[in-house]
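Raw contents of my_file.txt, compact mmCIF, C-alpha atoms:
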```txt
# COMPACT_ATOMS: atom_id res chain seq x y z
CA MET N 1379 -30.26 -9.09 -20.16
CA THR N 1380 -28.47 -12.08 -18.68
CA LEU N 1381 -25.85 -11.82 -15.95
CA GLN N 1382 -23.12 -12.77 -18.45
CA GLU N 1383 -24.31 -10.11 -20.91
CA ALA N 1384 -24.27 -7.49 -18.17
CA LEU N 1385 -20.77 -8.51 -17.04
CA GLY N 1386 -19.59 -8.46 -20.66
CA THR N 1387 -20.86 -4.90 -21.05
CA ILE N 1388 -19.04 -3.76 -17.90
CA ALA N 1389 -15.75 -5.65 -18.33
CA PRO N 1390 -14.09 -3.36 -20.93
CA HIS N 1391 -14.44 -0.39 -18.58
CA LEU N 1392 -12.87 -1.94 -15.47
CA GLY N 1393 -9.23 -1.13 -16.21
CA ASP N 1394 -7.11 -1.77 -13.12
CA ALA N 1395 -9.99 -1.60 -10.64
CA VAL N 1396 -9.94 -4.02 -7.72
CA CYS N 1397 -12.97 -6.27 -8.28
CA ILE N 1398 -14.57 -8.08 -5.33
CA HIS N 1399 -17.14 -10.70 -6.33
CA SER N 1400 -19.79 -12.18 -4.04
CA ASN N 1401 -20.23 -15.91 -3.67
CA GLY N 1402 -22.26 -18.28 -5.79
CA TYR N 1403 -23.09 -17.71 -9.43
CA MET N 1404 -21.77 -14.14 -9.32
CA SER N 1405 -18.18 -15.32 -8.97
CA ARG N 1406 -18.59 -18.09 -11.52
CA ALA N 1407 -20.14 -15.82 -14.14
CA ALA N 1408 -17.58 -13.07 -13.57
CA TYR N 1409 -14.62 -15.46 -13.73
CA GLY N 1410 -15.96 -16.77 -17.04
CA VAL N 1411 -16.00 -13.26 -18.51
CA ARG N 1412 -12.78 -11.75 -17.15
CA ASP N 1413 -10.05 -12.62 -14.66
CA THR N 1414 -7.05 -10.62 -13.45
CA PRO N 1415 -4.91 -10.76 -10.28
CA ARG N 1416 -7.02 -7.83 -9.04
CA CYS N 1417 -10.15 -10.01 -9.12
CA PHE N 1418 -11.14 -11.57 -5.80
CA TYR N 1419 -13.81 -14.25 -5.64
CA MET N 1420 -15.50 -14.76 -2.29
CA ILE N 1421 -16.60 -18.39 -2.12
CA GLY N 1422 -18.17 -18.33 1.36
CA SER N 1423 -19.09 -15.58 3.86
CA MET N 1424 -22.26 -14.62 2.02
CA GLY N 1425 -23.18 -10.97 2.52
CA LEU N 1426 -19.65 -9.70 3.09
CA ALA N 1427 -18.35 -8.84 -0.39
CA SER N 1428 -19.28 -5.20 0.16
CA SER N 1429 -17.51 -5.19 3.53
CA ILE N 1430 -14.33 -6.61 1.96
CA GLY N 1431 -14.52 -3.93 -0.73
CA LEU N 1432 -15.04 -1.28 1.93
CA GLY N 1433 -11.93 -2.40 3.81
CA ILE N 1434 -9.79 -2.15 0.70
CA ALA N 1435 -11.34 1.18 -0.30
CA LEU N 1436 -10.62 2.66 3.15
CA VAL N 1437 -6.98 1.56 3.21
CA ARG N 1438 -6.28 2.34 -0.46
CA PRO N 1439 -8.10 5.55 -1.38
CA ALA N 1440 -6.16 5.80 -4.65
CA GLU N 1441 -7.51 2.47 -5.91
CA ARG N 1442 -10.90 2.14 -7.61
CA VAL N 1443 -12.78 -0.70 -5.88
CA VAL N 1444 -15.78 -2.33 -7.57
CA VAL N 1445 -18.02 -4.75 -5.65
CA PHE N 1446 -20.01 -7.26 -7.72
CA ASP N 1447 -22.92 -8.15 -5.47
CA GLY N 1448 -26.27 -9.91 -5.82
CA ASP N 1449 -29.68 -9.16 -4.38
CA GLY N 1450 -29.50 -12.13 -2.01
CA ASN N 1451 -26.11 -11.03 -0.73
CA VAL N 1452 -27.17 -7.41 -0.21
CA LEU N 1453 -30.32 -8.47 1.62
CA MET N 1454 -28.38 -10.85 3.86
CA ASN N 1455 -26.25 -8.05 5.29
CA LEU N 1456 -28.24 -4.91 4.64
CA SER N 1457 -26.39 -2.94 7.34
CA THR N 1458 -23.31 -2.83 5.09
CA LEU N 1459 -25.21 -0.35 2.89
CA ALA N 1460 -25.52 1.93 5.90
CA ARG N 1461 -21.88 1.52 6.89
CA ILE N 1462 -20.61 2.20 3.37
CA ALA N 1463 -22.85 5.25 3.06
CA ALA N 1464 -21.67 6.62 6.42
CA ALA N 1465 -17.99 6.02 5.61
CA ALA N 1466 -18.56 7.50 2.13
CA PRO N 1467 -15.41 6.23 0.36
CA ARG N 1468 -15.18 8.11 -2.94
CA ASN N 1469 -13.41 5.18 -4.61
CA LEU N 1470 -16.09 2.54 -4.03
CA VAL N 1471 -18.56 1.36 -6.68
CA HIS N 1472 -21.22 -1.11 -5.58
CA LEU N 1473 -22.90 -3.05 -8.38
CA CYS N 1474 -25.90 -5.21 -7.48
CA PHE N 1475 -27.01 -7.73 -10.10
CA ASP N 1476 -30.63 -8.36 -9.23
CA ASN N 1477 -32.30 -11.48 -10.58
CA GLY N 1478 -34.81 -11.60 -7.72
CA ALA N 1479 -33.61 -15.01 -6.61
CA HIS N 1480 -30.97 -17.13 -4.92
CA ALA N 1481 -29.92 -18.53 -8.29
CA SER N 1482 -27.12 -20.81 -7.12
CA THR N 1483 -29.33 -22.68 -4.64
CA GLY N 1484 -32.16 -23.37 -7.06
CA GLY N 1485 -33.79 -20.04 -7.80
CA GLN N 1486 -35.70 -19.46 -4.57
CA ALA N 1487 -37.22 -15.96 -4.63
CA THR N 1488 -35.69 -13.13 -2.63
CA ILE N 1489 -37.74 -10.07 -1.68
CA SER N 1490 -35.99 -7.68 -4.08
CA ASN N 1491 -39.16 -7.47 -6.21
CA VAL N 1492 -40.79 -5.71 -3.26
CA VAL N 1493 -37.85 -3.91 -1.67
CA ARG N 1494 -36.08 -1.59 -4.11
CA LEU N 1495 -32.44 -2.00 -3.15
CA ASP N 1496 -31.33 1.04 -5.16
CA GLU N 1497 -33.80 3.09 -3.11
CA VAL N 1498 -32.45 1.57 0.10
CA ALA N 1499 -28.91 2.56 -0.92
CA ARG N 1500 -30.09 6.07 -1.77
CA ALA N 1501 -31.88 6.40 1.56
CA ALA N 1502 -28.83 5.09 3.41
CA GLY N 1503 -26.83 7.92 1.87
CA TYR N 1504 -24.78 6.62 -1.07
CA ARG N 1505 -23.52 9.64 -2.99
CA TRP N 1506 -25.19 8.24 -6.09
CA SER N 1507 -27.67 5.44 -6.69
CA GLY N 1508 -29.37 4.29 -9.86
CA ARG N 1509 -30.96 1.40 -11.67
CA VAL N 1510 -30.78 -0.02 -15.19
CA ASP N 1511 -33.07 -2.61 -16.72
CA ASP N 1512 -31.54 -3.28 -20.15
CA SER N 1513 -28.21 -3.52 -21.94
CA GLN N 1514 -28.43 -0.11 -23.57
CA ALA N 1515 -29.07 1.68 -20.29
CA LEU N 1516 -26.25 -0.29 -18.66
CA ALA N 1517 -23.80 0.57 -21.44
CA ALA N 1518 -24.73 4.23 -21.07
CA ALA N 1519 -24.42 4.25 -17.27
CA VAL N 1520 -21.22 2.27 -16.71
CA PRO N 1521 -18.56 4.80 -17.76
CA GLN N 1522 -20.09 7.50 -15.55
CA VAL N 1523 -20.63 5.21 -12.57
CA LEU N 1524 -17.04 3.95 -12.69
CA ALA N 1525 -15.56 7.43 -13.09
CA GLN N 1526 -17.57 9.54 -10.67
CA ASP N 1527 -16.95 10.06 -6.96
CA GLY N 1528 -18.68 7.36 -4.91
CA PRO N 1529 -19.90 5.58 -3.09
CA SER N 1530 -22.11 4.69 -6.03
CA PHE N 1531 -24.74 1.97 -6.13
CA LEU N 1532 -25.97 0.64 -9.45
CA LEU N 1533 -28.72 -1.96 -9.49
CA VAL N 1534 -28.55 -4.00 -12.69
CA LYS N 1535 -31.74 -5.95 -13.34
CA VAL N 1536 -30.87 -9.32 -14.91
CA GLU N 1537 -32.90 -12.35 -15.94
CA LEU N 1538 -33.14 -15.40 -13.75
CA VAL N 1539 -31.88 -18.20 -16.00
CA ALA N 1540 -32.67 -21.77 -15.01
CA GLY N 1541 -30.37 -24.65 -15.80
CA ALA N 1542 -26.62 -24.75 -16.19
CA PRO N 1543 -24.39 -22.53 -14.02
CA PRO N 1544 -23.35 -19.27 -15.71
CA GLY N 1545 -19.68 -20.11 -15.67
CA PRO N 1546 -17.02 -22.52 -14.49
CA ARG N 1547 -16.02 -22.89 -10.87
CA VAL N 1548 -13.18 -20.52 -10.07
CA PRO N 1549 -10.04 -22.69 -10.27
CA HIS N 1550 -7.85 -20.53 -8.02
CA THR N 1551 -7.57 -21.64 -4.42
CA PRO N 1552 -8.61 -19.09 -1.79
CA VAL N 1553 -5.00 -18.71 -0.61
CA GLU N 1554 -3.81 -18.14 -4.19
CA MET N 1555 -6.39 -15.37 -4.54
CA THR N 1556 -5.18 -13.75 -1.33
CA HIS N 1557 -1.57 -13.70 -2.45
CA ARG N 1558 -2.14 -12.56 -6.01
CA LEU N 1559 -4.30 -9.62 -4.90
CA ARG N 1560 -1.85 -8.66 -2.13
CA ARG N 1561 0.99 -8.76 -4.66
CA ALA N 1562 -1.04 -6.68 -7.15
CA LEU N 1563 -1.60 -4.10 -4.39
CA GLY N 1564 2.05 -4.12 -3.33
CA ALA N 1565 1.15 -5.60 0.07
CA GLU N 1566 3.63 -8.44 -0.34
CA PRO N 1567 6.58 -9.14 -2.65
CA MET H 1232 -6.84 -9.07 41.20
CA SER H 1233 -3.73 -7.28 39.93
CA THR H 1234 -3.66 -3.65 38.87
CA PRO H 1235 -5.51 -3.16 35.56
CA CYS H 1236 -3.52 -2.35 32.43
CA SER H 1237 -4.14 1.13 31.03
CA ALA H 1238 -5.79 1.33 27.61
CA GLY H 1239 -2.93 3.52 26.39
CA ARG H 1240 -0.33 0.94 27.36
CA PHE H 1241 -2.27 -1.88 25.71
CA VAL H 1242 -2.89 0.07 22.49
CA ASP H 1243 0.81 0.96 22.40
CA ALA H 1244 1.62 -2.74 22.73
CA LEU H 1245 -0.77 -3.64 19.90
CA ALA H 1246 0.78 -0.99 17.64
CA GLY H 1247 4.25 -2.16 18.64
CA ALA H 1248 3.27 -5.71 17.65
CA GLY H 1249 2.42 -4.47 14.15
CA PHE H 1250 -1.35 -4.10 14.34
CA ASP H 1251 -2.35 -1.09 12.27
CA PHE H 1252 -6.09 -1.33 11.51
CA PHE H 1253 -8.76 -1.35 14.20
CA THR H 1254 -12.43 -2.13 13.73
CA GLY H 1255 -15.15 -3.84 15.70
CA VAL H 1256 -18.33 -3.55 17.73
CA PRO H 1257 -18.19 -2.26 21.31
CA CYS H 1258 -18.29 -4.05 24.65
CA SER H 1259 -18.12 -2.24 27.97
CA LEU H 1260 -15.10 -4.36 28.99
CA VAL H 1261 -13.02 -2.71 26.22
CA GLY H 1262 -14.68 0.71 26.31
CA SER H 1263 -11.41 2.35 27.33
CA VAL H 1264 -9.53 0.71 24.44
CA ILE H 1265 -12.07 1.92 21.90
CA ALA H 1266 -11.98 5.42 23.42
CA GLU H 1267 -8.18 5.41 23.19
CA LEU H 1268 -8.28 4.26 19.55
CA GLU H 1269 -10.85 6.93 18.73
CA ARG H 1270 -8.67 9.52 20.44
CA ARG H 1271 -5.85 8.43 18.12
CA GLY H 1272 -8.22 8.54 15.13
CA THR H 1273 -7.65 4.91 14.20
CA TYR H 1274 -10.94 3.15 14.99
CA PHE H 1275 -13.53 2.15 12.40
CA GLY H 1276 -16.70 1.20 14.28
CA GLU H 1277 -18.81 -1.42 12.53
CA THR H 1278 -22.47 -2.41 12.76
CA ARG H 1279 -22.03 -6.19 13.07
CA GLU H 1280 -19.10 -8.33 14.05
CA ASP H 1281 -19.10 -10.33 10.82
CA ALA H 1282 -19.13 -7.11 8.82
CA ALA H 1283 -16.14 -5.95 10.89
CA LEU H 1284 -14.39 -9.16 9.90
CA GLY H 1285 -15.22 -8.45 6.25
CA VAL H 1286 -13.72 -4.96 6.50
CA ALA H 1287 -10.70 -6.42 8.29
CA ALA H 1288 -10.31 -8.98 5.49
CA GLY H 1289 -10.24 -6.15 2.96
CA ALA H 1290 -7.74 -4.19 5.04
CA CYS H 1291 -5.58 -7.30 5.28
CA LEU H 1292 -5.71 -7.82 1.50
CA ALA H 1293 -4.54 -4.21 1.20
CA GLY H 1294 -1.57 -4.84 3.48
CA ARG H 1295 -2.76 -4.12 7.01
CA LEU H 1296 -2.65 -6.31 10.12
CA PRO H 1297 -6.11 -5.76 11.68
CA VAL H 1298 -7.60 -6.02 15.13
CA VAL H 1299 -11.32 -6.80 15.38
CA ILE H 1300 -12.87 -5.92 18.74
CA MET H 1301 -16.00 -7.74 19.81
CA GLN H 1302 -17.97 -9.07 22.72
CA ASN H 1303 -18.12 -12.86 22.86
CA SER H 1304 -21.78 -12.64 21.85
CA GLY H 1305 -20.44 -11.26 18.56
CA LEU H 1306 -18.19 -14.25 18.15
CA GLY H 1307 -21.38 -16.21 17.55
CA VAL H 1308 -22.30 -13.80 14.76
CA SER H 1309 -18.79 -14.18 13.33
CA LEU H 1310 -18.37 -17.92 12.96
CA ASN H 1311 -19.12 -18.25 9.26
CA ALA H 1312 -16.91 -15.28 8.38
CA LEU H 1313 -14.09 -16.81 10.43
CA GLY H 1314 -14.45 -20.22 8.84
CA SER H 1315 -15.23 -19.42 5.23
CA LEU H 1316 -13.31 -16.14 4.83
CA LEU H 1317 -10.51 -15.34 7.32
CA ALA H 1318 -9.27 -18.89 7.98
CA LEU H 1319 -9.95 -20.16 4.46
CA TYR H 1320 -8.15 -17.31 2.66
CA GLU H 1321 -5.38 -17.12 5.31
CA LEU H 1322 -6.06 -13.56 6.35
CA PRO H 1323 -4.49 -12.97 9.76
CA VAL H 1324 -6.42 -10.82 12.23
CA LEU H 1325 -6.45 -10.44 15.98
CA LEU H 1326 -9.82 -11.01 17.59
CA LEU H 1327 -9.99 -9.00 20.78
CA VAL H 1328 -12.89 -10.85 22.39
CA THR H 1329 -14.36 -9.88 25.72
CA TRP H 1330 -15.48 -12.63 28.07
CA ARG H 1331 -18.97 -11.82 29.28
CA GLY H 1332 -20.41 -14.64 31.38
CA TYR H 1333 -16.97 -15.26 32.88
CA ARG H 1334 -17.20 -17.91 35.63
CA GLY H 1335 -20.99 -17.83 35.34
CA GLN H 1336 -21.19 -14.40 36.97
CA ASP H 1337 -23.15 -12.21 34.58
CA ALA H 1338 -26.52 -11.35 33.09
CA PRO H 1339 -28.38 -14.43 31.82
CA GLU H 1340 -27.95 -13.67 28.10
CA HIS H 1341 -24.17 -14.09 28.50
CA LEU H 1342 -24.08 -17.40 30.34
CA VAL H 1343 -24.27 -19.90 27.44
CA MET H 1344 -21.54 -18.22 25.37
CA GLY H 1345 -19.55 -17.45 28.51
CA GLU H 1346 -19.46 -21.13 29.38
CA VAL H 1347 -18.17 -22.30 25.98
CA LEU H 1348 -15.97 -19.40 24.80
CA PRO H 1349 -12.51 -21.05 25.04
CA ARG H 1350 -13.82 -24.36 23.71
CA LEU H 1351 -15.50 -22.58 20.80
CA LEU H 1352 -12.19 -20.97 19.85
CA ASP H 1353 -10.50 -24.37 20.17
CA LEU H 1354 -13.11 -25.93 17.83
CA PHE H 1355 -12.31 -23.31 15.22
CA ALA H 1356 -8.58 -23.89 15.75
CA ILE H 1357 -8.07 -20.26 16.74
CA PRO H 1358 -5.07 -19.89 19.07
CA HIS H 1359 -6.06 -17.87 22.11
CA ARG H 1360 -4.92 -16.54 25.45
CA ALA H 1361 -6.78 -14.93 28.34
CA PRO H 1362 -4.02 -12.85 29.91
CA ALA H 1363 -3.94 -11.26 33.34
CA ALA H 1364 -3.55 -7.47 33.37
CA ALA H 1365 0.24 -7.56 33.65
CA GLU H 1366 0.47 -10.00 30.72
CA LEU H 1367 -1.56 -7.94 28.24
CA PRO H 1368 1.41 -6.26 26.49
CA GLN H 1369 3.12 -9.63 26.16
CA ALA H 1370 -0.12 -11.13 24.78
CA ALA H 1371 -0.19 -8.40 22.12
CA ARG H 1372 3.34 -9.38 21.03
CA TRP H 1373 2.36 -13.06 21.02
CA ALA H 1374 -0.72 -12.29 18.90
CA GLY H 1375 1.27 -10.31 16.35
CA ALA H 1376 3.91 -13.00 15.99
CA THR H 1377 1.35 -15.84 15.85
CA ALA H 1378 -0.87 -14.08 13.31
CA ARG H 1379 2.10 -13.41 11.01
CA GLU H 1380 3.44 -16.92 11.36
CA THR H 1381 0.18 -18.85 10.93
CA ARG H 1382 -1.59 -16.43 8.53
CA LYS H 1383 -4.77 -17.22 10.47
CA PRO H 1384 -6.98 -15.48 13.04
CA VAL H 1385 -5.77 -15.43 16.65
CA ALA H 1386 -7.65 -14.30 19.74
CA VAL H 1387 -6.87 -12.46 22.95
CA ILE H 1388 -9.67 -12.82 25.48
CA ILE H 1389 -10.34 -9.82 27.71
CA THR H 1390 -11.65 -10.90 31.12
CA PRO H 1391 -13.44 -8.49 33.44
CA GLY H 1392 -11.13 -6.05 35.23
CA VAL H 1393 -7.87 -6.51 33.27
CA LEU H 1394 -8.20 -3.16 31.48
CA ALA H 1395 -8.49 0.20 33.18
```
If you convert what's in this file into structure tokens, what do you get?
Amino acid sequence: MTLQEALGTIAPHLGDAVCIHSNGYMSRAAYGVRDTPRCFYMIGSMGLASSIGLGIALVRPAERVVVFDGDGNVLMNLSTLARIAAAAPRNLVHLCFDNGAHASTGGQATISNVVRLDEVARAAGYRWSGRVDDSQALAAAVPQVLAQDGPSFLLVKVELVAGAPPGPRVPHTPVEMTHRLRRALGAEP
Amino acid sequence: MSTPCSAGRFVDALAGAGFDFFTGVPCSLVGSVIAELERRGTYFGETREDAALGVAAGACLAGRLPVVIMQNSGLGVSLNALGSLLALYELPVLLLVTWRGYRGQDAPEHLVMGEVLPRLLDLFAIPHRAPAAAELPQAARWAGATARETRKPVAVIITPGVLA
């Protein structure tokens, strides 16, 4: 399963969820599949997508918040798993697309083949944690993961694809993304 | 040194200036402020300063005006988050940064950062003040107004002894 295939399987189920995407190929691939004012693409600050999602989830408990993370991002700031688990926001879903590599910098290996990130999330105390390795399992898991009380962590194993980027660069400026999400959340007129 | 400002008075000033989300990592110089925030049930303690900035960014996107408390050692941890998230996306937050290593009088691990703290904030174009105790409430008002106007991070530096 490629990253784009995985995102395509998930997209129809997202509804009006607030979607926070980590930097690099994650944002590019996700933008290429689906874009709404409730989509936020983090172009720098690697490791902090889950923290941004946590902040929104804490302030807006009625909103469903979905974090689109990668294995490199999760490993860079592993303590966010602990903080999310301890805060236990019911409205937070943490998806980790694991290709075992830093794809956007040339495919250098991470250590996710050795360290099971879904097990780390479970040990940290996420209310639910699971793993899927193919499209069928992902399609079966997504509706439940998005509907149940979180925090939930779903590791989605995807192929490392060499070559062209998985999507276009996000054309929105960072400031445009700030304002459109704040407007969508009623934080500004 | 003038009489220290009480934590209650300073937190009241921050709330009066519009700040309504408080996160961070502790420093002994602001221990009383964190205790006061916890007493009011409004403090979200974080594990790392850059993670606190990430949470503050999310809170800001959801409509809050956050304060991120940190020791100046944590400012070093925070630089990429400040540059590539808060400043870039125009997410205003107040950095309440303590000044360990102030005037070279501190444990050795604080001396390098203590020496460069104001210049480091200048390099990142973060407006900052290091108020005396009596000026802390006014600094809170300045920070609220400046954050709203610039849509960027601002900093209030807490020197030793200004807070009771």
What's around N:Arg1558 at 12 Å? Count only C-alpha atoms, leave out sequence neighbours fewer than 2 positions away in its own chain, and write the answer as a JSON list (two decimals) with C-alpha atoms, in the frame of the given file.
```
[["chain", "number", "residue", "atom", "x", "y", "z"],
["N", 1396, "VAL", "CA", -9.94, -4.02, -7.72],
["N", 1413, "ASP", "CA", -10.05, -12.62, -14.66],
["N", 1414, "THR", "CA", -7.05, -10.62, -13.45],
["N", 1415, "PRO", "CA", -4.91, -10.76, -10.28],
["N", 1416, "ARG", "CA", -7.02, -7.83, -9.04],
["N", 1417, "CYS", "CA", -10.15, -10.01, -9.12],
["N", 1418, "PHE", "CA", -11.14, -11.57, -5.80],
["N", 1419, "TYR", "CA", -13.81, -14.25, -5.64],
["N", 1550, "HIS", "CA", -7.85, -20.53, -8.02],
["N", 1551, "THR", "CA", -7.57, -21.64, -4.42],
["N", 1552, "PRO", "CA", -8.61, -19.09, -1.79],
["N", 1553, "VAL", "CA", -5.00, -18.71, -0.61],
["N", 1554, "GLU", "CA", -3.81, -18.14, -4.19],
["N", 1555, "MET", "CA", -6.39, -15.37, -4.54],
["N", 1556, "THR", "CA", -5.18, -13.75, -1.33],
["N", 1560, "ARG", "CA", -1.85, -8.66, -2.13],
["N", 1561, "ARG", "CA", 0.99, -8.76, -4.66],
["N", 1562, "ALA", "CA", -1.04, -6.68, -7.15],
["N", 1563, "LEU", "CA", -1.60, -4.10, -4.39],
["N", 1564, "GLY", "CA", 2.05, -4.12, -3.33],
["N", 1565, "ALA", "CA", 1.15, -5.60, 0.07],
["N", 1566, "GLU", "CA", 3.63, -8.44, -0.34],
["N", 1567, "PRO", "CA", 6.58, -9.14, -2.65],
["H", 1292, "LEU", "CA", -5.71, -7.82, 1.50],
["H", 1293, "ALA", "CA", -4.54, -4.21, 1.20],
["H", 1320, "TYR", "CA", -8.15, -17.31, 2.66]]
```
>> Rounded to one decimal, what separation in Å do you get between atom CA of N:Val1534 and atom CA of N:Trp1506?
In response: 14.3 Å
>> Nearest residue to H:Arg1331 out of H:Leu1319, H:Ala1248, H:Ala1283, H:Ile1389, using only C-alpha atoms?
In response: H:Ile1389
> So which residues touch stretch 1480-1485 of chain N within 10 Å, counting all atoms listed in the file, skipping near sequence neighbours fewer than 6 positions away, as a PyMOL selection string?
Replying inline: chain N and resi 1401-1404+1406+1448-1451+1538-1544
>> Please identify all residues of chain H having at least one atom at most 7 Å from any atom of chain N, considering only C-alpha atoms, and return them as a list of chain:residue names.
In response: H:Thr1278, H:Ala1282, H:Gly1285, H:Val1286, H:Ala1287, H:Ala1288, H:Gly1289, H:Ala1290, H:Leu1292, H:Ala1293, H:Gly1294, H:Asn1311, H:Ala1312, H:Ser1315, H:Leu1316, H:Leu1319, H:Tyr1320, H:Glu1321
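For the pair atom CA of N:Gly1503 and atom CA of N:Ala1464, the separation is 7.0 Å.
When atom CA of H:Val1256 is paired with atom CA of H:Arg1279, their separation reads 6.5 Å.
Among the candidates H:Ile1300, H:Glu1267, H:Gln1369, H:Val1328, the residue lying nearest to H:Gly1247 is H:Gln1369 (atoms considered: all atoms listed in the file).
For the residues N:Leu1495, N:Leu1533, N:Leu1456, N:Asn1469, ranking by smallest atom-to-atom distance to N:Val1520 using all atoms listed in the file places N:Leu1533 first.
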>> Show me, as an NGL selection string, the residues that have an atom within 8 Å of H:Leu1325 when counting only C-alpha atoms, minus same-chain residues fewer than 4 positions from it.
In response: :H and (1297-1299 or 1374-1375 or 1378 or 1384-1387)
>> Applying 12 Å and only C-alpha atoms, which residues near N:Val1523 remain after dropping the ones on its own chain fewer than 2 positions away? List them as a PyMOL selection string.
In response: chain N and resi 1388+1391-1392+1442-1444+1468-1473+1505-1510+1515-1521+1525-1533
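In this comparison, which uses all atoms listed in the file, the residue of N:Leu1459, N:Leu1453, N:Val1548, N:Leu1524 approaching N:Ala1487 most closely is N:Leu1453.
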> Which of these residues is nearest to H:Asn1303, using only C-alpha atoms: H:Val1343, H:Cys1236, H:Cys1291, H:Leu1354?
Replying inline: H:Val1343
> If we count all atoms listed in the file, what is near N:Glu1383 at a cut-off of 12 Å, once residues fewer than 2 positions away on the same chain are taken out, given as number ranges by chain?
Replying inline: N: 1379-1381, 1385-1389, 1407-1408, 1410-1411, 1475, 1512-1514, 1516-1517, 1534-1537, 1544
Write stretch 1484-1500 of chain N as a CSV table (one decimal), keeping the file's coordinate frame, completed to N, CA and C atoms.
```csv
chain,number,residue,atom,x,y,z
N,1484,GLY,N,-31.0,-22.8,-6.4
N,1484,GLY,CA,-32.2,-23.4,-7.1
N,1484,GLY,C,-33.2,-22.4,-7.5
N,1485,GLY,N,-32.9,-21.1,-7.3
N,1485,GLY,CA,-33.8,-20.0,-7.8
N,1485,GLY,C,-34.9,-19.6,-6.8
N,1486,GLN,N,-34.7,-19.9,-5.5
N,1486,GLN,CA,-35.7,-19.5,-4.6
N,1486,GLN,C,-35.8,-17.9,-4.6
N,1487,ALA,N,-37.0,-17.4,-4.5
N,1487,ALA,CA,-37.2,-16.0,-4.6
N,1487,ALA,C,-36.6,-15.2,-3.4
N,1488,THR,N,-36.0,-14.1,-3.7
N,1488,THR,CA,-35.7,-13.1,-2.6
N,1488,THR,C,-36.9,-12.2,-2.5
N,1489,ILE,N,-36.7,-11.1,-1.8
N,1489,ILE,CA,-37.7,-10.1,-1.7
N,1489,ILE,C,-37.4,-8.8,-2.4
N,1490,SER,N,-36.4,-8.9,-3.4
N,1490,SER,CA,-36.0,-7.7,-4.1
N,1490,SER,C,-37.0,-7.2,-5.1
N,1491,ASN,N,-38.1,-8.0,-5.4
N,1491,ASN,CA,-39.2,-7.5,-6.2
N,1491,ASN,C,-40.0,-6.5,-5.4
N,1492,VAL,N,-40.0,-6.6,-4.1
N,1492,VAL,CA,-40.8,-5.7,-3.3
N,1492,VAL,C,-39.9,-4.6,-2.7
N,1493,VAL,N,-38.7,-4.9,-2.3
N,1493,VAL,CA,-37.8,-3.9,-1.7
N,1493,VAL,C,-36.9,-3.4,-2.7
N,1494,ARG,N,-37.0,-2.2,-3.1
N,1494,ARG,CA,-36.1,-1.6,-4.1
N,1494,ARG,C,-34.7,-1.3,-3.5
N,1495,LEU,N,-33.7,-2.1,-3.8
N,1495,LEU,CA,-32.4,-2.0,-3.2
N,1495,LEU,C,-31.7,-0.7,-3.6
N,1496,ASP,N,-32.0,-0.2,-4.8
N,1496,ASP,CA,-31.3,1.0,-5.2
N,1496,ASP,C,-31.9,2.2,-4.3
N,1497,GLU,N,-33.2,2.1,-4.0
N,1497,GLU,CA,-33.8,3.1,-3.1
N,1497,GLU,C,-33.3,3.0,-1.7
N,1498,VAL,N,-33.0,1.8,-1.2
N,1498,VAL,CA,-32.4,1.6,0.1
N,1498,VAL,C,-31.1,2.2,0.2
N,1499,ALA,N,-30.3,2.0,-0.9
N,1499,ALA,CA,-28.9,2.6,-0.9
N,1499,ALA,C,-29.0,4.1,-0.9
N,1500,ARG,N,-29.9,4.6,-1.7
N,1500,ARG,CA,-30.1,6.1,-1.8
N,1500,ARG,C,-30.5,6.6,-0.4
```
